[in-house]
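Coordinates from final-v3.cif are shown below (mmCIF, C-alpha atoms and all ligand atoms).
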```cif
data_run
loop_
_atom_site.group_PDB
_atom_site.id
_atom_site.type_symbol
_atom_site.label_atom_id
_atom_site.label_comp_id
_atom_site.auth_asym_id
_atom_site.auth_seq_id
_atom_site.Cartn_x
_atom_site.Cartn_y
_atom_site.Cartn_z
ATOM 1 C CA MET A 1 0.000 0.000 0.000
ATOM 2 C CA LYS A 2 0.978 3.582 -0.498
ATOM 3 C CA ILE A 3 -0.076 5.309 2.719
ATOM 4 C CA ALA A 4 -0.255 9.008 3.556
ATOM 5 C CA MET A 5 -0.210 10.216 7.143
ATOM 6 C CA LEU A 6 -1.584 13.641 7.966
ATOM 7 C CA ALA A 7 0.465 14.893 10.891
ATOM 8 C CA ARG A 8 2.338 17.993 11.859
ATOM 9 C CA ASN A 9 5.288 16.566 13.733
ATOM 10 C CA PRO A 10 6.890 13.598 11.942
ATOM 11 C CA LYS A 11 9.165 12.959 14.939
ATOM 12 C CA LEU A 12 6.410 12.081 17.416
ATOM 13 C CA TYR A 13 6.691 8.557 18.820
ATOM 14 C CA SER A 14 3.273 7.478 17.460
ATOM 15 C CA HIS A 15 4.002 8.764 13.970
ATOM 16 C CA GLN A 16 7.424 7.143 13.863
ATOM 17 C CA ARG A 17 6.050 3.824 15.095
ATOM 18 C CA LEU A 18 3.309 3.757 12.459
ATOM 19 C CA LYS A 19 5.850 4.542 9.746
ATOM 20 C CA GLU A 20 8.207 1.808 10.960
ATOM 21 C CA ALA A 21 5.374 -0.716 11.219
ATOM 22 C CA ALA A 22 4.124 0.089 7.702
ATOM 23 C CA GLU A 23 7.585 -0.103 6.168
ATOM 24 C CA ALA A 24 8.384 -3.337 8.012
ATOM 25 C CA ARG A 25 5.365 -4.842 6.225
ATOM 26 C CA GLY A 26 6.459 -3.648 2.799
ATOM 27 C CA HIS A 27 4.287 -0.527 2.516
ATOM 28 C CA SER A 28 5.366 3.042 1.927
ATOM 29 C CA LEU A 29 4.258 5.729 4.355
ATOM 30 C CA GLU A 30 4.697 9.403 3.670
ATOM 31 C CA ILE A 31 4.143 11.885 6.490
ATOM 32 C CA LEU A 32 2.465 15.004 5.116
ATOM 33 C CA ASN A 33 2.322 18.199 7.131
ATOM 34 C CA THR A 34 -1.437 18.778 7.232
ATOM 35 C CA LEU A 35 -1.097 22.536 7.103
ATOM 36 C CA ARG A 36 1.023 22.376 3.960
ATOM 37 C CA CYS A 37 -1.607 20.467 2.018
ATOM 38 C CA THR A 38 -3.583 22.701 -0.312
ATOM 39 C CA VAL A 39 -7.167 21.751 -1.058
ATOM 40 C CA ASN A 40 -8.210 22.409 -4.649
ATOM 41 C CA ILE A 41 -11.921 22.464 -5.103
ATOM 42 C CA ALA A 42 -13.015 21.875 -8.669
ATOM 43 C CA SER A 43 -16.143 20.145 -9.904
ATOM 44 C CA HIS A 44 -15.642 16.386 -10.248
ATOM 45 C CA ARG A 45 -11.926 16.730 -9.748
ATOM 46 C CA PRO A 46 -11.010 17.243 -6.083
ATOM 47 C CA THR A 47 -7.235 17.335 -5.723
ATOM 48 C CA ILE A 48 -4.647 18.128 -3.082
ATOM 49 C CA THR A 49 -1.318 19.743 -3.756
ATOM 50 C CA TYR A 50 1.700 19.452 -1.501
ATOM 51 C CA ASN A 51 4.780 21.583 -1.984
ATOM 52 C CA GLY A 52 3.476 22.475 -5.433
ATOM 53 C CA GLU A 53 2.817 18.901 -6.581
ATOM 54 C CA THR A 54 -0.506 17.138 -6.975
ATOM 55 C CA LEU A 55 -0.795 14.136 -4.674
ATOM 56 C CA THR A 56 -1.778 10.927 -6.454
ATOM 57 C CA GLY A 57 -1.727 7.191 -6.019
ATOM 58 C CA PHE A 58 -2.409 6.893 -2.285
ATOM 59 C CA ASP A 59 -4.393 3.837 -1.184
ATOM 60 C CA ALA A 60 -4.998 4.894 2.401
ATOM 61 C CA VAL A 61 -4.595 7.862 4.709
ATOM 62 C CA ILE A 62 -3.902 7.901 8.450
ATOM 63 C CA PRO A 63 -5.295 11.109 9.936
ATOM 64 C CA ARG A 64 -3.375 12.308 13.016
ATOM 65 C CA ILE A 65 -4.976 15.727 13.158
ATOM 66 C CA GLY A 66 -4.166 17.855 16.203
ATOM 67 C CA ALA A 67 -7.084 19.386 18.119
ATOM 68 C CA SER A 68 -5.881 22.903 17.316
ATOM 69 C CA ILE A 69 -6.246 22.390 13.555
ATOM 70 C CA THR A 70 -9.339 20.184 13.479
ATOM 71 C CA ASN A 71 -11.227 22.238 10.898
ATOM 72 C CA TYR A 72 -8.475 22.535 8.351
ATOM 73 C CA GLY A 73 -7.297 18.983 8.946
ATOM 74 C CA LEU A 74 -10.776 17.585 8.370
ATOM 75 C CA ALA A 75 -11.119 19.567 5.146
ATOM 76 C CA VAL A 76 -7.911 17.969 3.878
ATOM 77 C CA LEU A 77 -9.059 14.526 5.005
ATOM 78 C CA ARG A 78 -12.439 14.977 3.257
ATOM 79 C CA GLN A 79 -10.593 15.832 0.103
ATOM 80 C CA PHE A 80 -8.674 12.524 0.315
ATOM 81 C CA GLU A 81 -11.970 10.725 0.926
ATOM 82 C CA MET A 82 -13.606 12.365 -2.070
ATOM 83 C CA GLY A 83 -10.669 11.202 -4.168
ATOM 84 C CA GLY A 84 -11.441 7.599 -3.075
ATOM 85 C CA VAL A 85 -8.529 7.236 -0.630
ATOM 86 C CA TRP A 86 -9.475 4.997 2.333
ATOM 87 C CA PRO A 87 -9.147 6.776 5.686
ATOM 88 C CA LEU A 88 -8.203 4.885 8.865
ATOM 89 C CA ASN A 89 -10.780 7.057 10.660
ATOM 90 C CA GLU A 90 -13.369 8.930 8.639
ATOM 91 C CA SER A 91 -13.647 12.710 8.757
ATOM 92 C CA VAL A 92 -17.248 12.651 9.980
ATOM 93 C CA ALA A 93 -16.367 10.350 12.883
ATOM 94 C CA ILE A 94 -13.381 12.480 13.895
ATOM 95 C CA GLY A 95 -15.581 15.588 13.748
ATOM 96 C CA ARG A 96 -18.066 13.939 16.123
ATOM 97 C CA SER A 97 -15.390 12.860 18.560
ATOM 98 C CA ARG A 98 -13.867 16.348 18.746
ATOM 99 C CA ASP A 99 -17.064 17.767 20.202
ATOM 100 C CA LYS A 100 -17.418 16.497 23.789
ATOM 101 C CA LEU A 101 -21.082 17.370 24.045
ATOM 102 C CA ARG A 102 -22.007 15.838 20.706
ATOM 103 C CA SER A 103 -20.049 12.673 21.571
ATOM 104 C CA MET A 104 -21.841 12.327 24.897
ATOM 105 C CA GLN A 105 -25.219 12.820 23.260
ATOM 106 C CA ILE A 106 -24.455 10.047 20.765
ATOM 107 C CA LEU A 107 -23.205 7.670 23.473
ATOM 108 C CA ALA A 108 -26.180 8.440 25.731
ATOM 109 C CA LYS A 109 -28.579 7.732 22.874
ATOM 110 C CA HIS A 110 -27.092 4.244 22.627
ATOM 111 C CA GLY A 111 -27.337 3.598 26.349
ATOM 112 C CA ILE A 112 -23.592 3.639 27.037
ATOM 113 C CA GLY A 113 -22.541 4.445 30.627
ATOM 114 C CA LEU A 114 -21.700 8.110 31.205
ATOM 115 C CA PRO A 115 -21.292 10.326 34.257
ATOM 116 C CA LEU A 116 -24.406 12.446 34.897
ATOM 117 C CA THR A 117 -23.727 15.528 32.797
ATOM 118 C CA ALA A 118 -25.475 18.868 32.328
ATOM 119 C CA TYR A 119 -24.939 21.698 29.893
ATOM 120 C CA ALA A 120 -26.374 25.191 29.840
ATOM 121 C CA ASN A 121 -25.528 28.492 28.316
ATOM 122 C CA ASP A 122 -26.703 30.734 31.115
ATOM 123 C CA PRO A 123 -24.400 31.076 34.168
ATOM 124 C CA LYS A 124 -27.426 32.077 36.258
ATOM 125 C CA GLN A 125 -28.471 28.451 36.096
ATOM 126 C CA ALA A 126 -25.397 27.285 38.015
ATOM 127 C CA GLU A 127 -27.381 26.059 40.978
ATOM 128 C CA GLU A 128 -29.689 24.060 38.771
ATOM 129 C CA LEU A 129 -26.748 22.512 36.894
ATOM 130 C CA VAL A 130 -25.088 21.403 40.115
ATOM 131 C CA LYS A 131 -28.320 19.855 41.364
ATOM 132 C CA ALA A 132 -28.960 18.136 38.038
ATOM 133 C CA VAL A 133 -25.774 16.086 38.460
ATOM 134 C CA ASN A 134 -26.398 15.312 42.149
ATOM 135 C CA GLY A 135 -23.655 17.677 43.335
ATOM 136 C CA PRO A 136 -21.771 19.213 44.959
ATOM 137 C CA PRO A 137 -19.067 18.115 44.467
ATOM 138 C CA VAL A 138 -19.065 18.471 40.680
ATOM 139 C CA VAL A 139 -16.505 18.472 37.903
ATOM 140 C CA ILE A 140 -16.652 21.438 35.546
ATOM 141 C CA LYS A 141 -14.928 21.122 32.199
ATOM 142 C CA LEU A 142 -14.247 23.202 29.163
ATOM 143 C CA LEU A 143 -15.875 21.726 26.080
ATOM 144 C CA GLU A 144 -12.780 22.442 24.040
ATOM 145 C CA GLY A 145 -10.196 21.313 26.634
ATOM 146 C CA THR A 146 -7.579 18.582 26.145
ATOM 147 C CA GLN A 147 -4.959 16.920 28.327
ATOM 148 C CA GLY A 148 -6.871 17.729 31.488
ATOM 149 C CA ILE A 149 -6.550 21.487 31.070
ATOM 150 C CA GLY A 150 -9.839 23.161 31.921
ATOM 151 C CA VAL A 151 -11.090 20.275 34.097
ATOM 152 C CA VAL A 152 -11.878 21.604 37.571
ATOM 153 C CA LEU A 153 -13.278 20.005 40.723
ATOM 154 C CA ALA A 154 -15.701 22.188 42.701
ATOM 155 C CA GLU A 155 -16.326 20.881 46.207
ATOM 156 C CA THR A 156 -19.141 23.259 47.142
ATOM 157 C CA ALA A 157 -22.181 24.767 45.416
ATOM 158 C CA LYS A 158 -20.761 28.283 45.923
ATOM 159 C CA GLY A 159 -17.399 27.266 44.472
ATOM 160 C CA ALA A 160 -19.154 25.675 41.501
ATOM 161 C CA ALA A 161 -21.243 28.795 40.886
ATOM 162 C CA SER A 162 -18.194 31.073 40.806
ATOM 163 C CA ILE A 163 -16.243 28.745 38.505
ATOM 164 C CA ILE A 164 -19.209 28.476 36.131
ATOM 165 C CA GLU A 165 -19.589 32.234 36.151
ATOM 166 C CA ALA A 166 -15.877 32.773 35.470
ATOM 167 C CA PHE A 167 -15.816 30.329 32.565
ATOM 168 C CA ARG A 168 -18.974 31.750 31.035
ATOM 169 C CA GLY A 169 -17.589 35.267 31.541
ATOM 170 C CA ALA A 170 -14.581 34.218 29.489
ATOM 171 C CA ASN A 171 -17.081 33.135 26.835
ATOM 172 C CA VAL A 172 -16.152 29.458 26.793
ATOM 173 C CA ASN A 173 -18.528 26.513 26.790
ATOM 174 C CA ILE A 174 -18.580 24.157 29.740
ATOM 175 C CA LEU A 175 -20.070 20.882 30.940
ATOM 176 C CA VAL A 176 -20.965 20.145 34.550
ATOM 177 C CA GLN A 177 -20.511 16.563 35.607
ATOM 178 C CA GLU A 178 -21.092 14.259 38.529
ATOM 179 C CA PHE A 179 -17.753 13.730 40.338
ATOM 180 C CA ILE A 180 -16.825 10.037 40.244
ATOM 181 C CA LYS A 181 -14.974 10.036 43.552
ATOM 182 C CA GLU A 182 -14.718 6.265 43.734
ATOM 183 C CA ALA A 183 -12.462 6.261 40.633
ATOM 184 C CA GLY A 184 -9.757 7.452 43.042
ATOM 185 C CA GLY A 185 -7.971 9.665 40.516
ATOM 186 C CA ALA A 186 -7.533 6.774 38.071
ATOM 187 C CA ASP A 187 -8.935 6.096 34.642
ATOM 188 C CA ILE A 188 -8.654 3.284 32.130
ATOM 189 C CA ARG A 189 -7.525 3.838 28.555
ATOM 190 C CA CYS A 190 -8.730 1.147 26.171
ATOM 191 C CA LEU A 191 -7.165 1.115 22.741
ATOM 192 C CA VAL A 192 -9.702 -0.070 20.179
ATOM 193 C CA VAL A 193 -8.602 -1.245 16.733
ATOM 194 C CA GLY A 194 -11.205 -2.568 14.307
ATOM 195 C CA GLY A 195 -13.876 -3.238 16.936
ATOM 196 C CA LYS A 196 -11.566 -4.971 19.439
ATOM 197 C CA VAL A 197 -9.820 -3.731 22.565
ATOM 198 C CA VAL A 198 -6.200 -4.574 21.733
ATOM 199 C CA ALA A 199 -4.641 -3.065 24.865
ATOM 200 C CA ALA A 200 -5.686 -1.396 28.095
ATOM 201 C CA MET A 201 -3.834 0.561 30.736
ATOM 202 C CA LYS A 202 -4.697 2.211 33.993
ATOM 203 C CA ARG A 203 -3.574 5.778 34.503
ATOM 204 C CA GLN A 204 -3.270 7.017 38.050
ATOM 205 C CA GLY A 205 -3.154 10.722 38.795
ATOM 206 C CA ALA A 206 -0.274 12.135 40.829
ATOM 207 C CA GLU A 207 -0.753 12.242 44.631
ATOM 208 C CA GLY A 208 -3.658 14.534 45.499
ATOM 209 C CA GLU A 209 -4.694 14.963 41.850
ATOM 210 C CA PHE A 210 -8.085 13.748 40.611
ATOM 211 C CA ARG A 211 -7.044 14.017 36.964
ATOM 212 C CA SER A 212 -5.172 11.000 35.656
ATOM 213 C CA ASN A 213 -3.720 12.562 32.479
ATOM 214 C CA LEU A 214 -0.111 11.527 31.856
ATOM 215 C CA HIS A 215 0.527 15.148 30.852
ATOM 216 C CA ARG A 216 -0.554 16.143 34.380
ATOM 217 C CA GLY A 217 1.992 13.854 36.048
ATOM 218 C CA GLY A 218 -0.077 10.638 36.053
ATOM 219 C CA SER A 219 1.540 7.218 35.698
ATOM 220 C CA ALA A 220 0.477 4.230 33.590
ATOM 221 C CA GLN A 221 0.372 0.518 34.235
ATOM 222 C CA LEU A 222 -1.037 -2.618 32.644
ATOM 223 C CA ILE A 223 -4.538 -3.563 33.770
ATOM 224 C CA LYS A 224 -6.967 -6.387 33.166
ATOM 225 C CA ILE A 225 -10.372 -4.991 32.233
ATOM 226 C CA THR A 226 -13.736 -6.592 32.932
ATOM 227 C CA PRO A 227 -15.997 -7.914 30.150
ATOM 228 C CA GLU A 228 -18.382 -5.002 30.827
ATOM 229 C CA GLU A 229 -15.565 -2.472 30.409
ATOM 230 C CA ARG A 230 -14.464 -4.193 27.230
ATOM 231 C CA SER A 231 -17.928 -4.124 25.716
ATOM 232 C CA THR A 232 -18.463 -0.489 26.766
ATOM 233 C CA ALA A 233 -15.251 0.531 24.963
ATOM 234 C CA VAL A 234 -16.120 -1.459 21.840
ATOM 235 C CA ARG A 235 -19.652 -0.069 21.670
ATOM 236 C CA ALA A 236 -18.403 3.479 22.189
ATOM 237 C CA ALA A 237 -15.973 3.107 19.254
ATOM 238 C CA LYS A 238 -18.710 1.605 17.099
ATOM 239 C CA HIS A 239 -21.267 4.326 17.760
ATOM 240 C CA MET A 240 -18.691 7.052 17.219
ATOM 241 C CA GLY A 241 -17.797 5.341 13.932
ATOM 242 C CA LEU A 242 -14.073 5.160 14.715
ATOM 243 C CA ASN A 243 -11.906 2.233 13.558
ATOM 244 C CA VAL A 244 -9.046 3.246 15.812
ATOM 245 C CA CYS A 245 -9.518 5.177 19.021
ATOM 246 C CA GLY A 246 -8.622 5.493 22.664
ATOM 247 C CA VAL A 247 -11.637 5.118 24.931
ATOM 248 C CA ASP A 248 -11.189 6.530 28.437
ATOM 249 C CA LEU A 249 -13.345 5.019 31.168
ATOM 250 C CA LEU A 250 -13.786 5.600 34.877
ATOM 251 C CA ARG A 251 -14.782 2.823 37.280
ATOM 252 C CA SER A 252 -17.875 4.232 38.955
ATOM 253 C CA ASN A 253 -20.141 2.523 41.447
ATOM 254 C CA HIS A 254 -22.760 2.407 38.684
ATOM 255 C CA GLY A 255 -20.439 0.602 36.265
ATOM 256 C CA PRO A 256 -17.947 1.877 33.682
ATOM 257 C CA VAL A 257 -18.574 5.441 32.506
ATOM 258 C CA ILE A 258 -17.002 7.023 29.449
ATOM 259 C CA MET A 259 -14.870 10.127 29.814
ATOM 260 C CA GLU A 260 -13.787 10.587 26.270
ATOM 261 C CA VAL A 261 -13.240 8.894 22.926
ATOM 262 C CA ASN A 262 -10.007 10.052 21.317
ATOM 263 C CA SER A 263 -9.622 9.618 17.558
ATOM 264 C CA SER A 264 -5.815 10.104 17.512
ATOM 265 C CA PRO A 265 -4.675 8.112 20.534
ATOM 266 C CA GLY A 266 -1.008 8.358 21.488
ATOM 267 C CA LEU A 267 0.836 5.039 21.240
ATOM 268 C CA GLU A 268 3.831 5.671 23.480
ATOM 269 C CA GLY A 269 2.140 5.310 26.885
ATOM 270 C CA ILE A 270 0.129 2.261 25.938
ATOM 271 C CA GLU A 271 2.885 0.427 24.041
ATOM 272 C CA ASN A 272 5.254 0.969 26.949
ATOM 273 C CA ALA A 273 2.721 -0.025 29.610
ATOM 274 C CA THR A 274 1.592 -3.169 27.783
ATOM 275 C CA GLY A 275 4.646 -4.153 25.721
ATOM 276 C CA LYS A 276 2.327 -4.625 22.718
ATOM 277 C CA ASP A 277 2.961 -3.715 19.092
ATOM 278 C CA ILE A 278 -0.124 -1.543 18.598
ATOM 279 C CA ALA A 279 1.299 0.236 15.544
ATOM 280 C CA GLY A 280 1.698 -3.170 13.863
ATOM 281 C CA GLN A 281 -1.890 -4.092 14.671
ATOM 282 C CA ILE A 282 -3.135 -0.830 13.166
ATOM 283 C CA ILE A 283 -1.247 -1.477 9.930
ATOM 284 C CA GLU A 284 -2.586 -5.055 9.826
ATOM 285 C CA PHE A 285 -6.113 -3.702 10.226
ATOM 286 C CA MET A 286 -5.441 -1.390 7.277
ATOM 287 C CA GLU A 287 -4.129 -4.264 5.158
ATOM 288 C CA ALA A 288 -7.384 -6.118 5.741
ATOM 289 C CA ASN A 289 -9.713 -3.146 5.213
ATOM 290 C CA ALA A 290 -8.191 -0.409 3.062
ATOM 291 C CA LYS A 291 -9.855 -0.597 -0.311
ATOM 292 C CA ALA A 292 -10.222 2.348 -2.634
ATOM 293 C CA GLY A 293 -13.747 3.744 -2.620
ATOM 294 C CA ARG A 294 -14.643 1.980 0.663
ATOM 295 C CA THR A 295 -15.123 5.286 2.482
ATOM 296 C CA LYS A 296 -18.668 5.177 3.802
ATOM 297 C CA THR A 297 -19.037 8.915 4.153
ATOM 298 C CA LYS A 298 -17.393 9.919 0.842
ATOM 299 C CA GLY A 299 -16.319 13.168 2.404
ATOM 300 C CA LYS A 300 -19.748 14.257 3.576
ATOM 301 C CA GLY A 301 -19.742 17.202 6.002
HETATM 302 P P1 LIG A 401 -9.327 15.898 28.837
HETATM 303 O O1 LIG A 401 -10.076 15.591 27.592
HETATM 304 O O2 LIG A 401 -8.854 17.310 28.919
HETATM 305 O O3 LIG A 401 -8.295 14.860 29.192
HETATM 306 P P2 LIG A 401 -11.172 14.621 30.625
HETATM 307 O O4 LIG A 401 -12.612 14.912 30.577
HETATM 308 O O5 LIG A 401 -10.709 13.336 30.043
HETATM 309 O O6 LIG A 401 -10.401 15.858 29.990
HETATM 310 O O7 LIG A 401 -10.708 14.721 32.138
HETATM 311 C C1 LIG A 401 -9.341 14.584 32.531
HETATM 312 C C2 LIG A 401 -9.226 13.633 33.719
HETATM 313 O O8 LIG A 401 -9.903 14.153 34.862
HETATM 314 C C3 LIG A 401 -9.892 12.282 33.465
HETATM 315 O O9 LIG A 401 -9.028 11.388 32.791
HETATM 316 C C4 LIG A 401 -10.242 11.833 34.877
HETATM 317 O O10 LIG A 401 -9.110 11.230 35.506
HETATM 318 C C5 LIG A 401 -10.560 13.142 35.583
HETATM 319 N N1 LIG A 401 -12.026 13.381 35.529
HETATM 320 C C6 LIG A 401 -12.692 14.011 34.548
HETATM 321 N N2 LIG A 401 -14.015 14.047 34.783
HETATM 322 C C7 LIG A 401 -14.212 13.411 35.946
HETATM 323 C C8 LIG A 401 -15.372 13.100 36.742
HETATM 324 N N3 LIG A 401 -16.594 13.472 36.334
HETATM 325 N N4 LIG A 401 -15.178 12.430 37.905
HETATM 326 C C9 LIG A 401 -13.946 12.059 38.305
HETATM 327 N N5 LIG A 401 -12.809 12.314 37.620
HETATM 328 C C10 LIG A 401 -12.926 12.982 36.449
#
```
Can you dump the structure from the file as structure tokens?
Amino acid sequence: MKIAMLARNPKLYSHQRLKEAAEARGHSLEILNTLRCTVNIASHRPTITYNGETLTGFDAVIPRIGASITNYGLAVLRQFEMGGVWPLNESVAIGRSRDKLRSMQILAKHGIGLPLTAYANDPKQAEELVKAVNGPPVVIKLLEGTQGIGVVLAETAKGAASIIEAFRGANVNILVQEFIKEAGGADIRCLVVGGKVVAAMKRQGAEGEFRSNLHRGGSAQLIKITPEERSTAVRAAKHMGLNVCGVDLLRSNHGPVIMEVNSSPGLEGIENATGKDIAGQIIEFMEANAKAGRTKTKGKG
């Protein structure tokens, strides 16, 4: 296969591992800087140029689009899709997963476990929001946050009201969520490839920290997940429409609840914690599934 990868930093561990794994299996993989791709819109002839040359002949594309360039990255990916190139994750599915509220609405519709969550535009409704999720305490999070930034624990109703007011004053959108205390500052990352959980790790937040993000000083270790956790992760990936994703779960006393579904999961933490060749499994999934014109969404918005 001739594979394109849309990524900004070719040196990142995950990008290097996917390239190595593809080449080890006899494929070529070219890392294209997403922002240097030019989208040429012409009736019946969608093309992409890169450094002045028209891209042709790719069988598959691996989108690794950073959250800060989602819109442009998805436009480039749609252009590949319209040209019949098979995407590892489709643009529509990535678009869904990048919107926390939209993702939670989709998962809720399919009966997948979630923390009680409320959303409102008006800061005057703070009290109501806190009550709606059986708080205090509550977790308040920025809709557009990543890596645990903008995720705040409010222990009291007053504290929650002032945080909600401050966030809304800064004109950002927030969710208010039931605090899953019993998770003990840990979460579980399940790596799903082609409808199967191929690896799972537990991330534990640093001492005194309720957020388990590795970027916030958390540590990772191998974990055995329960059948219910496994099926929750698989169903979440399926309903989001993602072939490859990281599904983050918390162990709550009402079963596994989903925190987030990440369409460009990092491979370093999970490969190191589990000793598994995830990059190889992703390429094998592509070998079995990448066929020109097999994009379901054909670049639909
Ligand atoms: P981000 O997308 O920025 O990583 P998350 O929503 O995944 O934000 O939250 C970051 C971390 O904070 C989670 O991995 C989890 O450890 C902790 N956390 C988030 N929401 C809750 C909650 N409702 N209850 C308990 N812990 C939470």
Quiz item: Just how far from atom CA of Glu207 of chain A is atom CA of Ser219 of chain A, in Å to one decimal?
Solution: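 Answer for the atom CA of Ser219 of chain A to atom CA of Glu207 of chain A separation: 10.5 Å.
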Quiz prompt | Residue nearest Leu35 of chain A - candidates A:Val61, A:Ala186, A:Leu18, A:Leu6, atoms counted: all atoms listed in the file | solution = A:Leu6
Quiz item: Neighbours of Ala93 of chain A within 12 Å (only C-alpha atoms; same-chain residues fewer than 5 positions away dropped), as a count of residues only?
Solution: 31
Quiz item: Which residue out of A:Arg216, A:Arg211, A:Arg251, A:Lys224 has the minimum interatomic distance to ligand LIG 401 (chain A) when only C-alpha atoms and all ligand atoms are used?
Solution: A:Arg211
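Across the model, the gap from atom CA of Thr70 of chain A to atom CA of Arg96 of chain A is 11.1 Å.
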Self-check item: Residues selected by the PyMOL selection byres (((chain A and resi 68) around 12) and not hetatm), written as number ranges by chain
Solution: A: 8, 34-35, 64-67, 69-74, 98, 144-146
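Against this structure, the PyMOL selection byres (((chain A and resi 85) around 10) and not hetatm) ends up with Ile3, Ala4, Thr56, Gly57, Phe58, Asp59, Ala60, Val61, Leu77, Arg78, Gln79, Phe80, Glu81, Met82, Gly83, Gly84, Trp86, Pro87, Leu88, Ala290, Lys291, Ala292, Gly293, Arg294, Thr295 and Lys298 of chain A.
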Quiz prompt | Neighbourhood of ligand LIG 401 (chain A) at 6 Å, counting all atoms listed in the file, reported as number ranges by chain | solution = A: 139, 145-149, 151, 177-181, 185-187, 210-213, 259-260
Could you save the residues just selected, with C-alpha atoms, as a short mmCIF file (atom, residue, chain, number, x, y, z; two decimals), in the frame of the given file?
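Written out: again_27.cif:
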```cif
data_model
loop_
_atom_site.label_atom_id
_atom_site.label_comp_id
_atom_site.auth_asym_id
_atom_site.auth_seq_id
_atom_site.Cartn_x
_atom_site.Cartn_y
_atom_site.Cartn_z
CA VAL A 139 -16.50 18.47 37.90
CA GLY A 145 -10.20 21.31 26.63
CA THR A 146 -7.58 18.58 26.14
CA GLN A 147 -4.96 16.92 28.33
CA GLY A 148 -6.87 17.73 31.49
CA ILE A 149 -6.55 21.49 31.07
CA VAL A 151 -11.09 20.27 34.10
CA GLN A 177 -20.51 16.56 35.61
CA GLU A 178 -21.09 14.26 38.53
CA PHE A 179 -17.75 13.73 40.34
CA ILE A 180 -16.82 10.04 40.24
CA LYS A 181 -14.97 10.04 43.55
CA GLY A 185 -7.97 9.66 40.52
CA ALA A 186 -7.53 6.77 38.07
CA ASP A 187 -8.94 6.10 34.64
CA PHE A 210 -8.09 13.75 40.61
CA ARG A 211 -7.04 14.02 36.96
CA SER A 212 -5.17 11.00 35.66
CA ASN A 213 -3.72 12.56 32.48
CA MET A 259 -14.87 10.13 29.81
CA GLU A 260 -13.79 10.59 26.27
#
```
Quiz item: What does the distance from atom CA of Ala42 of chain A to atom CA of Asn89 of chain A come to in Å, to one decimal?
Solution: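 Separation of atom CA of Ala42 of chain A and atom CA of Asn89 of chain A: 24.5 Å.
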Leaving out Pro227 of chain A and any residue of its chain fewer than 3 positions from it, which residues lie within 12 Å of it when counting all atoms listed in the file, given as a CSV table (one decimal) with C-alpha atoms, in the coordinates of the input?
```
chain,number,residue,atom,x,y,z
A,196,LYS,CA,-11.6,-5.0,19.4
A,197,VAL,CA,-9.8,-3.7,22.6
A,224,LYS,CA,-7.0,-6.4,33.2
A,230,ARG,CA,-14.5,-4.2,27.2
A,231,SER,CA,-17.9,-4.1,25.7
A,232,THR,CA,-18.5,-0.5,26.8
A,233,ALA,CA,-15.3,0.5,25.0
A,234,VAL,CA,-16.1,-1.5,21.8
A,255,GLY,CA,-20.4,0.6,36.3
A,256,PRO,CA,-17.9,1.9,33.7
```
So that all listed atoms of segment 77-85 of chain A fit with 4 Å spare on each side, what axis-aligned box centre and edge lengths in Å, to one decimal, would you give as AutoDock Vina command-line options?
```
--center_x -11.1 --center_y 11.5 --center_z 0.4 --size_x 13.1 --size_y 16.6 --size_z 17.2
```
Kindly assemble as a Markdown table a list of the segment 140-172 of chain A residues that lie within 7 Å of segment 111-130 of chain A, each paired with its nearest atom pair and their distance in Å to one decimal, using only C-alpha atoms, sorted first by chain and then by ascending residue number.
```
| residue | atom | partner | partner_atom | distance |
| --- | --- | --- | --- | --- |
| A:Ala157 | CA | A:Val130 | CA | 6.9 |
| A:Ala161 | CA | A:Ala126 | CA | 5.3 |
| A:Ile164 | CA | A:Pro123 | CA | 6.1 |
| A:Glu165 | CA | A:Pro123 | CA | 5.3 |
| A:Arg168 | CA | A:Pro123 | CA | 6.3 |
```
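Within 10 Å of the point (7.1, -3.3, 11.2), counting only C-alpha atoms, the protein and nucleic acid residues come to Arg17, Leu18, Lys19, Glu20, Ala21, Ala22, Glu23, Ala24, Arg25, Gly26, His27, Asp277, Ala279, Gly280, Gln281, Ile283 and Glu284 of chain A.
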For C-alpha atoms, I'd like the residues from the last selection saved as a PDB file, in the coordinates of the input.
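Done, and the output landed in result_24.pdb:
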```pdb
ATOM      1  CA  ARG A  17       6.050   3.824  15.095  1.00  0.00           C
ATOM      2  CA  LEU A  18       3.309   3.757  12.459  1.00  0.00           C
ATOM      3  CA  LYS A  19       5.850   4.542   9.746  1.00  0.00           C
ATOM      4  CA  GLU A  20       8.207   1.808  10.960  1.00  0.00           C
ATOM      5  CA  ALA A  21       5.374  -0.716  11.219  1.00  0.00           C
ATOM      6  CA  ALA A  22       4.124   0.089   7.702  1.00  0.00           C
ATOM      7  CA  GLU A  23       7.585  -0.103   6.168  1.00  0.00           C
ATOM      8  CA  ALA A  24       8.384  -3.337   8.012  1.00  0.00           C
ATOM      9  CA  ARG A  25       5.365  -4.842   6.225  1.00  0.00           C
ATOM     10  CA  GLY A  26       6.459  -3.648   2.799  1.00  0.00           C
ATOM     11  CA  HIS A  27       4.287  -0.527   2.516  1.00  0.00           C
ATOM     12  CA  ASP A 277       2.961  -3.715  19.092  1.00  0.00           C
ATOM     13  CA  ALA A 279       1.299   0.236  15.544  1.00  0.00           C
ATOM     14  CA  GLY A 280       1.698  -3.170  13.863  1.00  0.00           C
ATOM     15  CA  GLN A 281      -1.890  -4.092  14.671  1.00  0.00           C
ATOM     16  CA  ILE A 283      -1.247  -1.477   9.930  1.00  0.00           C
ATOM     17  CA  GLU A 284      -2.586  -5.055   9.826  1.00  0.00           C
TER      18      GLU A 284
END
```
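Of the residues under consideration (A:Asp248, A:Pro46, A:Met201, A:Thr226), A:Met201 shows the shortest atom-to-atom contact distance to Gly269 of chain A when counting all atoms listed in the file.
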